[in-house]
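Report on one structure; see the data block that follows.
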Amino acid sequence: MKITVIGAGVGGMCAAARLAKAGHEVTVYEGSDRVGGKLRTEWIGRYAFDTGPSLLTLPAVYRDFFLKTGKHMGQEMEVVSVNPSFDYRFADGSQVKFANLSRYETLKAITQSFSPQSAAQWDSLMRVAEKMWDISREPFIESELKSPLSLFKRPTFIKDLFAIAPWKSLRQLADEQLTDTRLRFILDRYATYSGSDPRKAPAVLSSIAFVEETFGAWHIKGGLGTMADAIYERCIKHGVTFHLSTPVQEILLTKGKATGVMLANGERVESGAVVSNADASFTYNTLVAGKSYKLKKIRKNLAKSEASLAGFSLLLGLRASDEAPLEHHTILFPEDYDQEFDSIFSAKKPVANPTIYICSPNDAKMVKSENSVGLFVLVNAPVHSKDPQSGWDWSDEKFNSEYANKIIDQIEARGISIRDRLETLTIRTPLQLQESVNAPGGSIYGSSSNGARAAFLRAKNRSPIKGLYCVGGSAHPGGGLPLVGISGELVANAIGERAKRTTK
Ligand SMILES: Cc1cc2nc3c(=O)[nH]c(=O)nc-3n(C[C@H](O)[C@H](O)[C@H](O)COP(=O)(O)OP(=O)(O)OC[C@H]3O[C@@H](n4cnc5c(N)ncnc54)[C@H](O)[C@@H]3O)c2cc1C
């Protein structure tokens, strides 16, 4: 079957390679001039920066992708464990390093930094999170999302319901399990892995902490963007055709069924199925025209879901110093974490004292001289919008530069020198992400997981419009590399099933 894919992000390319391997004739139209979407390693002078994802979790998703489409992942790229996985530093000067792939070592570190009681509480929390992961992984992550009614019919429904406790927020779980504010901050931060507010995100997001600990935190030598290139090569190997700088303007419908696309240059392309890797709200509000009941319902659901947070980042090229090198992932927590979520989701303003994430890969393939250190600094931010009710206008370069300097001041105040060894500083705003990969408002993960119903409001992989499929961070099961890779597989399987039915 002829299949059109809109967008060469990770989700679009993972679906494309699997579909081409299954024998379909796949063509990808990408609006920008490169593949990979948000997953990107960029060189600026002597430094390479992972300007999108800088942490790979649940690598099994990509091991499966590479294995099913050709050579092992390990034959294509050097995937290395990041230990410690995180160096968490707090405003009161205390610090704890979480070990990679070892609960034992992490509990030892919590005992030494905080107390044995805190370690016991974290261990107990991880047991709760493990239960939630066991229950939720199959119906909510590894399969297409069924209706709430079909979940209701599961024989273990009542037991599972009490274990998952969808009425409980991540914050409420912290209130029950953890007494040390610092551990509560660490748990809260997992809400931001899906761009959400821990006070609204469901407790089941604690399973991300369990998954990170159990399946590890990983880096890819040369930068995570290396994986986008390898996925692209896999597509090429299986005969996928790519057209870069070729935005799609419309998804064509014939008698309510998707039958192809119209490109911005006016060319019409017919196909048996259309896979959209563009943001779901853009797909349904802009690419698909019409006012059918089905479309109205989807648009209503998408309008109800809250955009995930966006990111403001600094790409810092520094000369090496005598200071002890930073760990791969360092988190500088502020004194008050809630002001960050109030600022982003309620006031829609940049955060005065944000949590600061610093990625210092210590990877010789990411610098051109031994005397160089590249730091990728990311703080959470409101989405870009000219309307102050919806977001922050990130087009003011003077403000952006002052804000960048305030962040550098805050990093230096925590004992990490920047200015006296700074060689290059590049700022990236939500507006730039919106313009480069058509991410509405520059939101990092599409829609957030704010609210118990968020998963059900997200676009389904198999659209109610026949012949149309949605893949990527704004579709089921959600954002972040592991889930996006899974969405590629779910879409390829759904089209495979349909193809089998029609050839019978
Ligand atoms: C700063 C940042 C940090 C992140 N950190 C992490 C992390 O550490 N770990 C992690 O797992 N994830 C992280 N993520 C999230 C991760 O990058 C995304 O979830 C994932 O890459 C999204 O993939 P996607 O398939 O949804 O496609 P996207 O990357 O959103 O790509 C969509 C593609 O579609 C194209 N497109 C859109 N509209 C059209 C059109 N009309 N016609 C043609 N083409 C179109 C776009 O140009 C783009 O190339 C981060 C993201 C950002 C921005």
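Starting from 1 in every chain, residues are counted up; chains themselves are A, B, ... following the order of the structure tokens, and ligands are numbered from 1 as listed.
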
**Item:** Within 6 Å of ligand 1 (only C-alpha atoms and all ligand atoms), residues as a PyMOL selection string
**Value:** chain A and resi 6-12+29-32+35-39+51-56+247-249+277-278+311+437-438+444-445+472-473+479-482+484

**Request:** Name the residues of range 269-404 of chain A that fall into strand (DSSP E) according to DSSP on the backbone, using the chain letters and numbers of this document, as JSON, numbers by chain.
**Result:** {"A": [269, 270, 273, 274, 275, 276, 310, 311, 312, 313, 314, 315, 316, 317, 318, 319, 329, 330, 331, 332, 356, 357, 358, 359, 372, 373, 374, 375, 376, 377, 378, 379, 380, 381]}

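From CA of Pro166 in chain A back to CA of Gly488 in chain A, the distance works out to 26.5 Å.
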
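For the atom pair formed by CA of Gly195 in chain A and CA of Met73 in chain A, the distance is 27.8 Å, given to one decimal.
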
**Separation of CA of Ile358 in chain A from CA of Gly374 in chain A, in Å and rounded to one decimal** = 10.1 Å

**Request:** Please identify all polymer residues within 9 Å of Leu170 in chain A, counting only C-alpha atoms, omitting same-chain residues fewer than 6 positions from it, and present them as a PyMOL selection string.
**Result:** chain A and resi 187-188+190-191+197-206

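Residues surrounding Trp392 in chain A within 7 Å are Lys348, Lys349, Pro382, Val383, His384, Ser385 and Lys386 of chain A [only C-alpha atoms; sequence separation below 6 positions excluded].
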
Which residues of range 149-190 of chain A sit at most 10 Å from range 110-132 of chain A, using only C-alpha atoms? Give each one's shortest atom pair and distance in Å (one decimal place), in chain and ascending residue order, as a Markdown table.
| residue | atom | partner | partner_atom | distance |
| --- | --- | --- | --- | --- |
| A:Asp160 | CA | A:Met132 | CA | 8.3 |
| A:Leu161 | CA | A:Met132 | CA | 9.7 |
| A:Phe162 | CA | A:Met132 | CA | 9.9 |
| A:Ala163 | CA | A:Met132 | CA | 6.4 |
| A:Ile164 | CA | A:Met132 | CA | 5.5 |
| A:Ala165 | CA | A:Met132 | CA | 9.1 |
| A:Leu173 | CA | A:Leu125 | CA | 8.5 |
| A:Ala174 | CA | A:Leu125 | CA | 8.4 |
| A:Glu176 | CA | A:Leu125 | CA | 9.3 |
| A:Gln177 | CA | A:Leu125 | CA | 6.2 |
| A:Leu178 | CA | A:Gln121 | CA | 5.9 |
| A:Thr179 | CA | A:Ser118 | CA | 7.4 |
| A:Asp180 | CA | A:Ser118 | CA | 6.6 |
| A:Arg182 | CA | A:Phe114 | CA | 8.9 |
| A:Leu183 | CA | A:Trp122 | CA | 7.7 |
| A:Arg184 | CA | A:Trp122 | CA | 9.6 |
| A:Leu187 | CA | A:Trp122 | CA | 9.5 |

Written selection (C-alpha atoms) as a CSV table (one decimal), in the first residue's frame:
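New file selection.csv:
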chain,number,residue,atom,x,y,z
A,160,ASP,CA,-6.0,-2.3,39.6
A,161,LEU,CA,-8.1,0.8,40.1
A,162,PHE,CA,-7.1,1.0,43.8
A,163,ALA,CA,-3.4,0.4,42.9
A,164,ILE,CA,-3.3,3.1,40.3
A,165,ALA,CA,-5.7,5.5,42.2
A,173,LEU,CA,1.4,10.4,46.6
A,174,ALA,CA,4.4,12.4,47.8
A,176,GLU,CA,1.5,10.1,51.7
A,177,GLN,CA,5.0,8.6,51.2
A,178,LEU,CA,7.7,11.1,51.7
A,179,THR,CA,8.5,13.4,54.6
A,180,ASP,CA,11.8,15.0,53.3
A,182,ARG,CA,14.1,17.2,49.0
A,183,LEU,CA,12.8,13.7,48.0
A,184,ARG,CA,9.4,15.3,47.3
A,187,LEU,CA,9.4,12.9,42.8

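When the distance limit is 6 Å and only C-alpha atoms are what count, the residues near range 327-337 of chain A, minus those fewer than 6 positions from it on the same chain, are Phe86, Asp87, Tyr88, Arg89, Phe90, Ala91, Thr355, Ile356, Tyr357, Ile358, Cys359, Ser360 and Pro361 of chain A.
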
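If you count only C-alpha atoms and ignore residues fewer than 4 places along the chain from Ile298 in chain A, what sits within 9 Å of it is Tyr284, Tyr293, Lys294, Leu302, Ala303, Leu457, Arg458, Ala459 and Pro464 of chain A.
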
Residue selection dump (N, CA and C atoms) as a PDB file, in the first residue's frame:
ATOM      1  N   TYR A 284      -5.475  18.142  13.424  1.00  0.00           N
ATOM      2  CA  TYR A 284      -6.941  18.167  13.380  1.00  0.00           C
ATOM      3  C   TYR A 284      -7.529  19.562  13.182  1.00  0.00           C
ATOM      4  N   TYR A 293     -19.095  15.506  12.722  1.00  0.00           N
ATOM      5  CA  TYR A 293     -19.293  15.274  14.157  1.00  0.00           C
ATOM      6  C   TYR A 293     -18.012  14.708  14.774  1.00  0.00           C
ATOM      7  N   LYS A 294     -17.389  13.733  14.048  1.00  0.00           N
ATOM      8  CA  LYS A 294     -16.164  13.096  14.563  1.00  0.00           C
ATOM      9  C   LYS A 294     -15.086  14.139  14.814  1.00  0.00           C
ATOM     10  N   LEU A 302      -9.120  17.830  22.253  1.00  0.00           N
ATOM     11  CA  LEU A 302      -7.780  18.422  22.189  1.00  0.00           C
ATOM     12  C   LEU A 302      -7.771  19.798  22.849  1.00  0.00           C
ATOM     13  N   ALA A 303      -8.879  20.539  22.672  1.00  0.00           N
ATOM     14  CA  ALA A 303      -8.941  21.878  23.271  1.00  0.00           C
ATOM     15  C   ALA A 303      -8.984  21.786  24.796  1.00  0.00           C
ATOM     16  N   LEU A 457      -7.836  12.229  26.543  1.00  0.00           N
ATOM     17  CA  LEU A 457      -8.057  13.396  25.671  1.00  0.00           C
ATOM     18  C   LEU A 457      -7.020  13.445  24.539  1.00  0.00           C
ATOM     19  N   ARG A 458      -5.901  12.741  24.728  1.00  0.00           N
ATOM     20  CA  ARG A 458      -4.817  12.745  23.738  1.00  0.00           C
ATOM     21  C   ARG A 458      -5.286  12.064  22.442  1.00  0.00           C
ATOM     22  N   ALA A 459      -4.738  12.495  21.303  1.00  0.00           N
ATOM     23  CA  ALA A 459      -5.151  11.906  20.017  1.00  0.00           C
ATOM     24  C   ALA A 459      -4.851  10.411  19.991  1.00  0.00           C
ATOM     25  N   PRO A 464     -10.414   8.359  14.241  1.00  0.00           N
ATOM     26  CA  PRO A 464     -11.767   7.983  13.809  1.00  0.00           C
ATOM     27  C   PRO A 464     -11.973   8.271  12.318  1.00  0.00           C
TER      28      PRO A 464
END
